[in-house]
$ cat model-v9.cif   # mmCIF, C-alpha atoms (C1' of nucleotides)
data_input
#
loop_
_atom_site.label_atom_id
_atom_site.label_comp_id
_atom_site.auth_asym_id
_atom_site.auth_seq_id
_atom_site.Cartn_x
_atom_site.Cartn_y
_atom_site.Cartn_z
CA MET A 273 139.85 96.39 75.63
CA PRO A 274 139.54 94.89 79.05
CA GLU A 275 138.95 97.74 81.45
CA ASN A 276 141.90 96.70 83.53
CA GLN A 277 145.44 97.94 83.83
CA ASP A 278 146.81 97.89 80.33
CA PHE A 279 144.80 100.33 78.31
CA ASP A 280 145.92 100.77 74.75
CA LEU A 281 145.31 104.15 73.21
CA ILE A 282 144.44 102.59 69.88
CA ASP A 283 141.30 101.39 71.60
CA PHE A 284 140.45 104.82 72.94
CA LEU A 285 136.80 105.19 72.09
CA PRO A 286 136.86 108.80 70.83
CA TYR A 287 139.78 107.88 68.59
CA LEU A 288 138.04 104.84 67.16
CA LEU A 289 134.86 106.82 66.64
CA ASN A 290 136.71 109.54 64.81
CA GLN A 291 138.48 107.12 62.54
CA ALA A 292 135.26 105.30 61.73
CA ALA A 293 133.34 108.54 61.26
CA GLU A 294 135.88 110.05 58.91
CA GLU A 295 136.29 106.94 56.87
CA SER A 296 132.61 106.22 56.59
CA SER A 297 131.70 109.81 55.74
CA LEU A 298 134.15 110.10 52.90
CA ALA A 299 132.27 108.37 50.11
CA PHE A 300 129.04 110.19 50.85
CA HIS A 301 130.84 113.49 51.14
CA GLN A 302 132.18 113.03 47.62
CA VAL A 303 128.65 112.67 46.33
CA TYR A 304 127.10 115.84 47.68
CA LYS A 305 130.24 117.76 46.92
CA ALA A 306 130.51 116.56 43.33
CA ARG A 307 126.81 116.57 42.61
CA TYR A 308 125.75 119.83 44.26
CA GLY A 309 128.95 121.56 45.31
CA MET A 310 127.79 121.46 48.90
CA LEU A 311 129.89 121.61 52.05
CA ARG A 312 129.26 119.39 55.01
CA THR A 313 127.63 122.22 56.93
CA GLU A 314 125.30 122.88 54.01
CA TRP A 315 124.40 119.22 53.67
CA ARG A 316 123.60 119.10 57.34
CA VAL A 317 121.31 122.09 57.26
CA LEU A 318 119.54 120.74 54.21
CA PHE A 319 119.23 117.39 55.86
CA HIS A 320 117.57 118.79 58.95
CA LEU A 321 115.14 120.87 56.95
CA GLY A 322 114.30 117.94 54.72
CA ARG A 323 113.89 115.63 57.65
CA TYR A 324 111.99 117.86 60.04
CA GLY A 325 110.35 120.50 57.88
CA ALA A 326 110.41 124.23 58.63
CA LEU A 327 112.92 125.15 61.30
CA THR A 328 114.76 128.23 62.50
CA ALA A 329 118.55 128.44 62.49
CA LYS A 330 118.39 128.16 66.24
CA ASP A 331 116.44 124.89 66.02
CA ILE A 332 118.97 123.44 63.62
CA GLY A 333 121.77 124.44 65.91
CA ALA A 334 120.17 122.67 68.82
CA ARG A 335 119.48 119.49 66.88
CA ALA A 336 122.72 119.27 64.93
CA LYS A 337 124.94 120.80 67.59
CA MET A 338 126.35 123.21 65.06
CA HIS A 339 127.51 126.69 65.95
CA LYS A 340 125.29 129.51 64.79
CA THR A 341 127.90 131.09 62.53
CA LYS A 342 128.28 127.86 60.62
CA ILE A 343 124.55 127.68 60.21
CA SER A 344 124.27 131.30 59.20
CA ARG A 345 126.78 130.81 56.40
CA ALA A 346 125.35 127.49 55.30
CA VAL A 347 121.87 129.00 55.13
CA ALA A 348 123.18 131.91 53.07
CA ALA A 349 124.82 129.50 50.62
CA LEU A 350 121.72 127.35 50.33
CA GLU A 351 119.61 130.44 49.79
CA ARG A 352 121.91 131.64 47.00
CA ARG A 353 121.38 128.31 45.27
CA ARG A 354 117.66 128.67 45.81
CA PHE A 355 117.44 125.52 47.89
CA LEU A 356 115.65 127.30 50.71
CA THR A 357 113.73 130.44 51.56
CA ARG A 358 113.56 132.49 54.74
CA THR A 359 110.46 133.94 56.29
CA ARG A 360 110.56 136.35 59.18
CA ASP A 361 108.44 135.12 62.05
CA GLN A 362 105.82 137.80 62.70
CA ARG A 363 105.39 136.91 66.36
CA ASP A 364 109.10 137.15 67.05
CA LYS A 365 110.91 139.18 64.45
CA ARG A 366 114.32 137.90 65.46
CA LEU A 367 113.44 134.49 64.12
CA GLU A 368 113.68 133.34 60.53
CA ILE A 369 111.72 130.31 59.50
CA LEU A 370 113.60 128.29 56.94
CA ASN A 371 111.87 126.20 54.31
CA LEU A 372 113.23 124.10 51.49
CA THR A 373 112.14 125.11 48.01
CA SER A 374 111.01 122.41 45.63
CA ALA A 375 114.53 122.41 44.22
CA GLY A 376 115.83 121.92 47.74
CA ARG A 377 113.43 119.10 48.38
CA ALA A 378 114.53 117.43 45.16
CA VAL A 379 118.15 117.57 46.31
CA TYR A 380 117.12 116.19 49.66
CA ALA A 381 115.24 113.32 48.05
CA ASP A 382 118.19 112.52 45.83
CA LEU A 383 120.69 112.52 48.67
CA HIS A 384 118.34 110.61 50.89
CA ASP A 385 118.39 107.82 48.31
CA VAL A 386 122.15 107.90 48.02
CA ALA A 387 122.42 107.78 51.80
CA ARG A 388 120.06 104.87 52.06
CA SER A 389 121.96 102.73 49.64
CA TYR A 390 125.30 103.73 51.08
CA HIS A 391 124.04 102.98 54.55
CA GLN A 392 123.16 99.52 53.32
CA THR A 393 126.66 98.83 52.07
CA LEU A 394 127.98 99.69 55.52
CA VAL A 395 125.41 97.90 57.55
CA VAL A 396 125.70 94.57 55.78
CA LEU A 397 129.14 94.28 57.32
CA PHE A 398 127.42 93.22 60.54
CA PRO A 399 124.75 90.82 61.65
CA PRO A 400 121.44 92.68 62.02
CA GLU A 401 121.33 92.62 65.82
CA ASP A 402 124.85 93.96 65.98
CA ALA A 403 123.98 96.76 63.62
CA GLU A 404 121.03 97.57 65.81
CA ARG A 405 123.14 97.54 68.96
CA LEU A 406 125.65 99.78 67.23
CA ARG A 407 122.94 102.26 66.39
CA MET A 408 121.75 102.35 69.99
CA MET A 409 125.23 102.77 71.38
CA LEU A 410 126.08 105.57 68.99
CA ARG A 411 122.92 107.39 69.89
CA GLN A 412 123.77 107.09 73.53
CA LEU A 413 127.29 108.37 72.97
CA ALA A 414 125.96 111.28 70.95
CA LYS A 415 123.89 112.34 73.95
CA ILE A 416 126.71 112.34 76.50
CA SER A 417 127.28 116.09 76.58
CA MET B 121 116.91 100.72 61.34
CA PRO B 122 115.29 97.86 59.52
CA GLU B 123 116.96 97.65 56.15
CA ASN B 124 113.64 97.83 54.44
CA GLN B 125 111.70 100.62 52.77
CA ASP B 126 111.57 103.35 55.37
CA PHE B 127 115.06 104.52 56.03
CA ASP B 128 115.36 107.45 58.36
CA LEU B 129 118.31 109.73 57.83
CA ILE B 130 118.77 110.18 61.55
CA ASP B 131 119.91 106.57 61.56
CA PHE B 132 122.38 107.13 58.75
CA LEU B 133 125.52 105.49 60.04
CA PRO B 134 128.03 108.18 59.01
CA TYR B 135 125.82 110.78 60.67
CA LEU B 136 125.51 108.80 63.91
CA LEU B 137 129.22 108.16 63.91
CA ASN B 138 130.01 111.81 63.46
CA GLN B 139 127.69 112.88 66.23
CA ALA B 140 129.08 110.29 68.60
CA ALA B 141 132.65 111.09 67.63
CA GLU B 142 132.28 114.82 68.11
CA GLU B 143 130.44 114.53 71.35
CA SER B 144 132.76 111.96 72.83
CA SER B 145 135.89 113.80 71.73
CA LEU B 146 134.90 117.08 73.26
CA ALA B 147 135.82 116.56 76.89
CA PHE B 148 139.19 115.08 76.04
CA HIS B 149 139.86 117.81 73.52
CA GLN B 150 139.37 120.40 76.24
CA VAL B 151 142.06 118.72 78.31
CA TYR B 152 144.91 118.68 75.83
CA LYS B 153 143.95 122.10 74.60
CA ALA B 154 143.79 123.67 78.04
CA ARG B 155 146.71 121.78 79.49
CA TYR B 156 149.18 121.90 76.61
CA GLY B 157 147.67 124.23 74.03
CA MET B 158 147.64 121.41 71.52
CA LEU B 159 145.46 121.00 68.45
CA ARG B 160 143.89 117.73 67.49
CA THR B 161 146.46 117.12 64.79
CA GLU B 162 149.24 117.70 67.29
CA TRP B 163 147.71 115.39 69.84
CA ARG B 164 147.42 112.70 67.19
CA VAL B 165 151.03 112.94 66.14
CA LEU B 166 152.17 112.87 69.75
CA PHE B 167 149.93 109.93 70.40
CA HIS B 168 151.39 107.88 67.56
CA LEU B 169 154.93 108.65 68.58
CA GLY B 170 154.19 107.82 72.18
CA ARG B 171 152.42 104.64 71.28
CA TYR B 172 154.74 103.31 68.59
CA GLY B 173 158.08 104.95 69.24
CA ALA B 174 160.23 106.54 66.56
CA LEU B 175 158.36 107.07 63.30
CA THR B 176 158.67 109.17 60.19
CA ALA B 177 155.99 111.64 59.14
CA LYS B 178 155.13 109.23 56.37
CA ASP B 179 154.55 106.41 58.85
CA ILE B 180 152.27 108.56 60.94
CA GLY B 181 150.32 109.53 57.87
CA ALA B 182 149.77 105.91 56.97
CA ARG B 183 148.68 104.90 60.44
CA ALA B 184 146.54 107.90 61.31
CA LYS B 185 145.27 108.57 57.79
CA MET B 186 146.30 112.19 58.11
CA HIS B 187 147.44 114.23 55.16
CA LYS B 188 151.14 115.03 55.05
CA THR B 189 150.67 118.79 55.30
CA LYS B 190 148.75 118.41 58.53
CA ILE B 191 151.53 116.23 59.88
CA SER B 192 154.21 118.61 58.71
CA ARG B 193 152.61 121.47 60.60
CA ALA B 194 151.84 119.43 63.68
CA VAL B 195 155.44 118.22 63.81
CA ALA B 196 156.72 121.77 63.48
CA ALA B 197 154.51 122.88 66.36
CA LEU B 198 155.54 119.98 68.58
CA GLU B 199 159.16 120.65 67.78
CA ARG B 200 158.79 124.31 68.73
CA ARG B 201 157.47 123.21 72.09
CA ARG B 202 160.36 120.77 72.38
CA PHE B 203 158.09 117.75 72.57
CA LEU B 204 159.95 115.98 69.78
CA THR B 205 163.19 115.99 67.82
CA ARG B 206 163.92 115.17 64.20
CA THR B 207 166.83 113.13 62.96
CA ARG B 208 167.68 112.83 59.31
CA ASP B 209 167.89 109.19 58.27
CA GLN B 210 171.39 108.63 56.94
CA ARG B 211 170.40 105.79 54.65
CA ASP B 212 167.64 107.80 53.03
CA LYS B 213 168.12 111.49 53.52
CA ARG B 214 164.57 112.32 52.54
CA LEU B 215 163.32 110.75 55.74
CA GLU B 216 163.15 112.35 59.14
CA ILE B 217 162.92 110.13 62.14
CA LEU B 218 160.78 111.65 64.83
CA ASN B 219 161.30 110.99 68.51
CA LEU B 220 159.57 112.32 71.57
CA THR B 221 161.77 114.18 74.00
CA SER B 222 161.43 113.38 77.66
CA ALA B 223 159.10 116.37 77.93
CA GLY B 224 157.07 114.89 75.08
CA ARG B 225 156.95 111.52 76.76
CA ALA B 226 155.77 113.15 79.97
CA VAL B 227 152.92 114.81 78.09
CA TYR B 228 152.08 111.52 76.46
CA ALA B 229 152.02 109.72 79.81
CA ASP B 230 149.81 112.38 81.30
CA LEU B 231 147.33 112.34 78.42
CA HIS B 232 147.38 108.58 78.29
CA ASP B 233 146.15 108.57 81.86
CA VAL B 234 143.46 111.12 81.16
CA ALA B 235 142.38 109.10 78.14
CA ARG B 236 142.23 105.90 80.10
CA SER B 237 140.00 107.28 82.78
CA TYR B 238 137.84 109.13 80.28
CA HIS B 239 137.52 105.99 78.21
CA GLN B 240 136.26 104.25 81.31
CA THR B 241 133.51 106.77 81.88
CA LEU B 242 132.32 106.15 78.34
CA VAL B 243 132.64 102.42 78.30
CA VAL B 244 130.72 101.79 81.49
CA LEU B 245 127.64 102.92 79.64
CA PHE B 246 127.53 99.49 78.04
CA PRO B 247 127.75 95.88 79.10
CA PRO B 248 131.28 94.58 78.54
CA GLU B 249 130.48 92.37 75.55
CA ASP B 250 128.67 95.22 73.88
CA ALA B 251 131.62 97.52 74.40
CA GLU B 252 133.84 94.88 72.88
CA ARG B 253 131.52 94.47 69.91
CA LEU B 254 131.46 98.22 69.47
CA ARG B 255 135.23 98.30 69.37
CA MET B 256 135.36 95.60 66.72
CA MET B 257 132.73 97.25 64.57
CA LEU B 258 134.40 100.64 64.73
CA ARG B 259 137.70 99.11 63.71
CA GLN B 260 136.04 97.46 60.79
CA LEU B 261 134.36 100.69 59.71
CA ALA B 262 137.64 102.54 59.99
CA LYS B 263 139.14 100.13 57.48
CA ILE B 264 136.45 100.51 54.83
CA SER B 265 138.31 102.84 52.49
"C1'" DT C 292 176.58 108.48 33.54
"C1'" DG C 293 172.41 110.95 32.28
"C1'" DT C 294 167.54 111.36 32.19
"C1'" DT C 295 163.11 110.44 33.79
"C1'" DG C 296 159.98 109.31 37.35
"C1'" DT C 297 158.86 108.77 42.24
"C1'" DT C 298 158.88 109.86 47.16
"C1'" DA C 299 159.36 112.73 51.77
"C1'" DG C 300 158.51 116.77 53.30
"C1'" DT C 301 157.68 122.03 53.07
"C1'" DT C 302 155.53 126.20 51.66
"C1'" DA C 303 152.23 129.50 49.46
"C1'" DC C 304 147.74 130.53 48.53
"C1'" DA C 305 142.70 129.64 48.78
"C1'" DA C 306 138.82 127.79 51.41
"C1'" DA C 307 136.64 127.03 55.65
"C1'" DA C 308 136.12 127.04 60.74
"C1'" DT C 309 136.48 129.62 65.01
"C1'" DC C 310 135.93 133.55 67.97
"C1'" DA C 311 134.52 138.12 69.14
"C1'" DA C 312 132.06 142.02 68.22
"C1'" DC C 313 127.95 143.85 66.32
"C1'" DT C 314 122.59 144.84 65.07
"C1'" DA C 315 117.93 144.15 65.86
"C1'" DT C 316 114.44 142.43 68.63
"C1'" DT C 317 112.30 140.58 72.75
"C1'" DA C 318 112.00 139.71 77.91
"C1'" DC C 319 112.46 141.16 82.54
"C1'" DG C 320 112.47 144.21 86.59
"C1'" DC C 321 111.16 148.32 88.30
"C1'" DG D 10 106.69 153.15 80.26
"C1'" DC D 11 112.15 152.92 80.74
"C1'" DG D 12 116.52 150.71 81.33
"C1'" DT D 13 119.02 146.49 81.37
"C1'" DA D 14 119.76 141.88 80.12
"C1'" DA D 15 119.14 138.11 77.00
"C1'" DT D 16 118.38 136.05 72.30
"C1'" DA D 17 118.58 135.29 66.93
"C1'" DG D 18 121.31 136.02 63.58
"C1'" DT D 19 125.23 138.42 60.85
"C1'" DT D 20 129.80 140.10 59.91
"C1'" DG D 21 134.85 140.68 60.24
"C1'" DA D 22 139.35 139.23 61.96
"C1'" DT D 23 142.16 135.36 63.09
"C1'" DT D 24 143.28 130.50 62.92
"C1'" DT D 25 143.24 126.16 60.80
"C1'" DT D 26 142.68 123.25 56.92
"C1'" DG D 27 143.01 121.86 52.04
"C1'" DT D 28 145.13 122.10 47.41
"C1'" DA D 29 148.82 122.59 44.48
"C1'" DA D 30 153.24 123.75 43.47
"C1'" DC D 31 157.76 123.26 44.99
"C1'" DT D 32 162.68 121.33 46.74
"C1'" DA D 33 165.67 117.69 47.74
"C1'" DA D 34 166.79 112.99 47.58
"C1'" DC D 35 166.37 108.47 45.68
"C1'" DA D 36 165.30 104.73 42.00
"C1'" DA D 37 165.19 102.68 37.56
"C1'" DC D 38 167.01 102.06 33.44
"C1'" DA D 39 168.90 103.25 28.93
#
$ encode --input "model-v9.cif" --output "structure tokens"
Amino acid sequence: MPENQDFDLIDFLPYLLNQAAEESSLAFHQVYKARYGMLRTEWRVLFHLGRYGALTAKDIGARAKMHKTKISRAVAALERRRFLTRTRDQRDKRLEILNLTSAGRAVYADLHDVARSYHQTLVVLFPPEDAERLRMMLRQLAKIS
Amino acid sequence: MPENQDFDLIDFLPYLLNQAAEESSLAFHQVYKARYGMLRTEWRVLFHLGRYGALTAKDIGARAKMHKTKISRAVAALERRRFLTRTRDQRDKRLEILNLTSAGRAVYADLHDVARSYHQTLVVLFPPEDAERLRMMLRQLAKIS
DNA sequence: TGTTGTTAGTTACAAAATCAACTATTACGC
DNA sequence: GCGTAATAGTTGATTTTGTAACTAACAACA
């Protein structure tokens, strides 16, 4: 949308991003919900632990930009399902170090595979350089703050 | 992310889209919340009515891909604030035709302006052709279903 | 004209997100 | 050390969303 006078709200970037995000998340959401009964918050916490290894709730919050109460409840749910364990940090006893169990890692591996193949079905919509540009732009937008 | 073996979940398109969408929506969200006490669902309904003129709840649902209960509640809230009126369609009495009041149109005009200038601050991050490509790709992703 | 099925929209109840208050621990200033 | 402020995380109350059941109106067709 030419950045001149007539600006059409249907081209409003946050709106377009939301539409694309919702639509593209749907199919994957179905999978982790149906397969493991997980919520989006729980998937996200699991994802960060699987991707980055042991983290505290605070770390996850900073990386995923999730509020601490969401994380607290997601961690509790994942712990109930024995997908992670908590260990009190002995140097700073306010902190809990979260680790995936082997069951949790198995779930992560499974969903990682699903994500990879789903990602492929999305990305083939575009020529490779465009997909790469898209990735860069989204990263930049995610950092706006 | 090269579509070969090593796929990194931080490049998972739905994840990137969600991060970018949330981050880029935030500042605008603050505005309509602070200025008019509106929720996102309410802003969206107002936006569609302002952009397209008289519509039924059903129409809005189809365009915005919002569930009818969300729309029903958003319409009720906007009506309470006298931002819209409902008229029963005489040819099909199940339908309600929604119209913005002049107050509603004023809110729309105001937020349209805010959106335009906010959009600009986002879009200048990229060269014009890239921004245009981004727009096209997001539209395509929003249509996936 | 029934009778059956569909559609637009609302409402009630359950699930989840948000916000504020709370506990326990650490950090800072003196 | 002691008192105050800040931090990690939890819990409870309120708000918002999601799901399913519901009402009212229309459509199709015997």
$ calpha_fit_and_write --input "model-v9.cif" --fixed "chain B" --moving "chain A" --output "CSV table (one decimal) with C-alpha atoms, keeping the file's coordinate frame"
chain,number,residue,atom,x,y,z
A,273,MET,CA,116.9,100.6,61.4
A,274,PRO,CA,115.4,97.7,59.5
A,275,GLU,CA,117.1,97.5,56.2
A,276,ASN,CA,113.8,97.7,54.4
A,277,GLN,CA,111.9,100.4,52.6
A,278,ASP,CA,111.7,103.2,55.1
A,279,PHE,CA,115.2,104.4,55.9
A,280,ASP,CA,115.4,107.3,58.2
A,281,LEU,CA,118.3,109.6,57.7
A,282,ILE,CA,118.7,110.1,61.4
A,283,ASP,CA,119.9,106.5,61.4
A,284,PHE,CA,122.4,107.0,58.7
A,285,LEU,CA,125.5,105.4,60.0
A,286,PRO,CA,128.1,108.1,59.0
A,287,TYR,CA,125.8,110.7,60.6
A,288,LEU,CA,125.5,108.8,63.8
A,289,LEU,CA,129.2,108.1,63.9
A,290,ASN,CA,130.0,111.8,63.4
A,291,GLN,CA,127.7,112.9,66.2
A,292,ALA,CA,129.1,110.3,68.6
A,293,ALA,CA,132.6,111.1,67.6
A,294,GLU,CA,132.3,114.8,68.0
A,295,GLU,CA,130.4,114.6,71.3
A,296,SER,CA,132.8,112.0,72.8
A,297,SER,CA,135.9,113.8,71.7
A,298,LEU,CA,134.9,117.1,73.2
A,299,ALA,CA,135.8,116.6,76.8
A,300,PHE,CA,139.2,115.1,76.0
A,301,HIS,CA,139.9,117.9,73.5
A,302,GLN,CA,139.4,120.4,76.3
A,303,VAL,CA,142.1,118.7,78.3
A,304,TYR,CA,144.9,118.7,75.9
A,305,LYS,CA,144.0,122.1,74.6
A,306,ALA,CA,143.8,123.7,78.1
A,307,ARG,CA,146.7,121.7,79.6
A,308,TYR,CA,149.2,121.9,76.7
A,309,GLY,CA,147.7,124.3,74.1
A,310,MET,CA,147.7,121.4,71.6
A,311,LEU,CA,145.6,121.1,68.5
A,312,ARG,CA,144.0,117.8,67.5
A,313,THR,CA,146.5,117.2,64.8
A,314,GLU,CA,149.3,117.8,67.3
A,315,TRP,CA,147.7,115.4,69.9
A,316,ARG,CA,147.4,112.8,67.2
A,317,VAL,CA,151.0,113.0,66.1
A,318,LEU,CA,152.2,112.9,69.7
A,319,PHE,CA,149.9,110.0,70.4
A,320,HIS,CA,151.3,107.9,67.5
A,321,LEU,CA,154.9,108.6,68.5
A,322,GLY,CA,154.1,107.8,72.1
A,323,ARG,CA,152.3,104.6,71.2
A,324,TYR,CA,154.6,103.3,68.5
A,325,GLY,CA,158.0,104.9,69.1
A,326,ALA,CA,160.1,106.5,66.4
A,327,LEU,CA,158.3,107.1,63.2
A,328,THR,CA,158.6,109.2,60.1
A,329,ALA,CA,156.0,111.7,59.1
A,330,LYS,CA,155.1,109.4,56.3
A,331,ASP,CA,154.5,106.5,58.8
A,332,ILE,CA,152.2,108.7,60.9
A,333,GLY,CA,150.3,109.7,57.8
A,334,ALA,CA,149.7,106.1,56.9
A,335,ARG,CA,148.6,105.1,60.3
A,336,ALA,CA,146.5,108.1,61.3
A,337,LYS,CA,145.2,108.8,57.8
A,338,MET,CA,146.3,112.4,58.1
A,339,HIS,CA,147.5,114.5,55.2
A,340,LYS,CA,151.1,115.3,55.1
A,341,THR,CA,150.7,119.0,55.4
A,342,LYS,CA,148.8,118.6,58.6
A,343,ILE,CA,151.6,116.4,59.9
A,344,SER,CA,154.3,118.7,58.8
A,345,ARG,CA,152.7,121.6,60.7
A,346,ALA,CA,151.9,119.5,63.7
A,347,VAL,CA,155.5,118.2,63.9
A,348,ALA,CA,156.8,121.8,63.6
A,349,ALA,CA,154.7,122.9,66.5
A,350,LEU,CA,155.6,120.0,68.6
A,351,GLU,CA,159.3,120.6,67.8
A,352,ARG,CA,159.0,124.3,68.9
A,353,ARG,CA,157.6,123.1,72.2
A,354,ARG,CA,160.5,120.6,72.5
A,355,PHE,CA,158.2,117.7,72.6
A,356,LEU,CA,160.0,115.9,69.8
A,357,THR,CA,163.2,115.9,67.8
A,358,ARG,CA,163.9,115.1,64.2
A,359,THR,CA,166.8,113.0,62.9
A,360,ARG,CA,167.6,112.8,59.2
A,361,ASP,CA,167.8,109.2,58.1
A,362,GLN,CA,171.3,108.6,56.8
A,363,ARG,CA,170.2,105.8,54.4
A,364,ASP,CA,167.5,107.9,52.9
A,365,LYS,CA,168.0,111.5,53.4
A,366,ARG,CA,164.4,112.4,52.5
A,367,LEU,CA,163.2,110.8,55.7
A,368,GLU,CA,163.1,112.4,59.1
A,369,ILE,CA,162.9,110.1,62.1
A,370,LEU,CA,160.8,111.6,64.8
A,371,ASN,CA,161.3,110.9,68.4
A,372,LEU,CA,159.6,112.2,71.5
A,373,THR,CA,161.8,114.0,74.0
A,374,SER,CA,161.4,113.2,77.7
A,375,ALA,CA,159.2,116.2,78.0
A,376,GLY,CA,157.1,114.8,75.1
A,377,ARG,CA,156.9,111.4,76.7
A,378,ALA,CA,155.8,113.0,80.0
A,379,VAL,CA,152.9,114.7,78.1
A,380,TYR,CA,152.1,111.5,76.5
A,381,ALA,CA,152.0,109.7,79.8
A,382,ASP,CA,149.8,112.3,81.3
A,383,LEU,CA,147.3,112.3,78.4
A,384,HIS,CA,147.4,108.6,78.3
A,385,ASP,CA,146.1,108.5,81.9
A,386,VAL,CA,143.5,111.1,81.2
A,387,ALA,CA,142.3,109.1,78.2
A,388,ARG,CA,142.2,105.9,80.1
A,389,SER,CA,139.9,107.3,82.8
A,390,TYR,CA,137.8,109.2,80.3
A,391,HIS,CA,137.5,106.0,78.3
A,392,GLN,CA,136.2,104.3,81.4
A,393,THR,CA,133.4,106.8,81.9
A,394,LEU,CA,132.3,106.2,78.4
A,395,VAL,CA,132.6,102.5,78.4
A,396,VAL,CA,130.6,101.9,81.6
A,397,LEU,CA,127.6,103.0,79.7
A,398,PHE,CA,127.4,99.6,78.1
A,399,PRO,CA,127.6,96.0,79.2
A,400,PRO,CA,131.2,94.7,78.6
A,401,GLU,CA,130.4,92.4,75.7
A,402,ASP,CA,128.6,95.3,74.0
A,403,ALA,CA,131.5,97.6,74.5
A,404,GLU,CA,133.7,94.9,73.0
A,405,ARG,CA,131.5,94.4,70.0
A,406,LEU,CA,131.4,98.2,69.5
A,407,ARG,CA,135.2,98.3,69.5
A,408,MET,CA,135.3,95.6,66.9
A,409,MET,CA,132.7,97.2,64.7
A,410,LEU,CA,134.4,100.6,64.8
A,411,ARG,CA,137.7,99.1,63.9
A,412,GLN,CA,136.1,97.4,60.9
A,413,LEU,CA,134.4,100.6,59.8
A,414,ALA,CA,137.7,102.5,60.1
A,415,LYS,CA,139.2,100.0,57.6
A,416,ILE,CA,136.6,100.4,54.9
A,417,SER,CA,138.5,102.7,52.7
$ closest_residue --input "model-v9.cif" --among "D:DA22, D:DC31, D:DC38, D:DA17" --to "chain A" --atoms "all atoms listed in the file"
D:DA17
$ closest_residue --input "model-v9.cif" --among "C:DC321, C:DA312, C:DA299, C:DG293" --to "chain B" --atoms "all atoms listed in the file"
C:DA299
$ interface_residues --input "model-v9.cif" --of "chain D" --to "chain A" --cutoff "9 Å" --atoms "only C-alpha atoms (C1' of nucleotides)" --output "number ranges by chain"
D: 16-19
$ residues_around --input "model-v9.cif" --residues "DG320 of chain C" --least-positions-apart "2" --cutoff "12 Å" --atoms "all atoms listed in the file" --output "PyMOL selection string"
(chain C and resi 318) or (chain D and resi 11-14)
$ closest_residue --input "model-v9.cif" --among "A:Arg358, A:Arg353, A:Lys342, A:Arg388" --to "chain B" --atoms "only C-alpha atoms"
A:Arg388
$ resolve_selection --input "model-v9.cif" --expression "the PyMOL selection byres ((chain C) within 10 of (chain B))" --output "VMD selection string"
chain C and resid 298 to 302
$ closest_residue --input "model-v9.cif" --among "A:Arg316, A:Ala326, A:Leu289, A:Ile282" --to "chain B" --atoms "only C-alpha atoms"
A:Leu289
$ resolve_selection --input "model-v9.cif" --expression "the PyMOL selection byres ((chain A) within 9 of (chain B))" --output "VMD selection string"
chain A and resid 273 to 275 279 to 300 319 323 336 to 337 384 387 to 388 390 to 392 394 to 395 397 to 398 400 402 to 407 409 to 417
$ atom_distance --input "model-v9.cif" --atom1 "atom CA of Thr207 of chain B" --atom2 "atom CA of Asp179 of chain B"
14.6 Å
$ atom_distance --input "model-v9.cif" --atom1 "atom CA of Ala197 of chain B" --atom2 "atom CA of Tyr152 of chain B"
14.1 Å
$ atom_distance --input "model-v9.cif" --atom1 "atom CA of Arg360 of chain A" --atom2 "atom CA of Ala378 of chain A"
23.9 Å
$ residues_around --input "model-v9.cif" --residues "DA37 of chain D" --least-positions-apart "6" --cutoff "10 Å" --atoms "only C-alpha atoms (C1' of nucleotides)" --output "PDB file with C-alpha atoms (C1' of nucleotides), keeping the file's coordinate frame"
ATOM      1  C1'  DT C 295     163.110 110.440  33.790  1.00  0.00           C
ATOM      2  C1'  DG C 296     159.980 109.310  37.350  1.00  0.00           C
ATOM      3  C1'  DT C 297     158.860 108.770  42.240  1.00  0.00           C
TER       4       DT C 297
END
$ residues_around --input "model-v9.cif" --residues "segment 306-308 of chain C" --least-positions-apart "4" --cutoff "8 Å" --atoms "all atoms listed in the file" --output "list of chain:residue names"
A:Lys342, D:DT25, D:DT26, D:DG27
$ residues_near_point --input "model-v9.cif" --point "(168.1, 112.0, 41.0)" --cutoff "9 Å" --atoms "only C-alpha atoms (C1' of nucleotides)" --output "VMD selection string"
(chain C and resid 294 to 295) or (chain D and resid 34 to 36)
$ resolve_selection --input "model-v9.cif" --expression "the PyMOL selection byres ((chain B and resi 221) around 9)" --output "VMD selection string"
chain B and resid 202 to 205 219 to 220 222 to 226
$ closest_residue --input "model-v9.cif" --among "A:Arg312, A:Thr393, A:Leu318, A:Ala306" --to "Val379 of chain A" --atoms "all atoms listed in the file"
A:Leu318
$ residues_around --input "model-v9.cif" --residues "Ala194 of chain B" --least-positions-apart "6" --cutoff "8 Å" --atoms "all atoms listed in the file" --output "number ranges by chain"
B: 161-162, 165
$ closest_residue --input "model-v9.cif" --among "D:DA29, D:DA15, D:DA39, D:DT20" --to "DA311 of chain C" --atoms "only C-alpha atoms (C1' of nucleotides)"
D:DT20
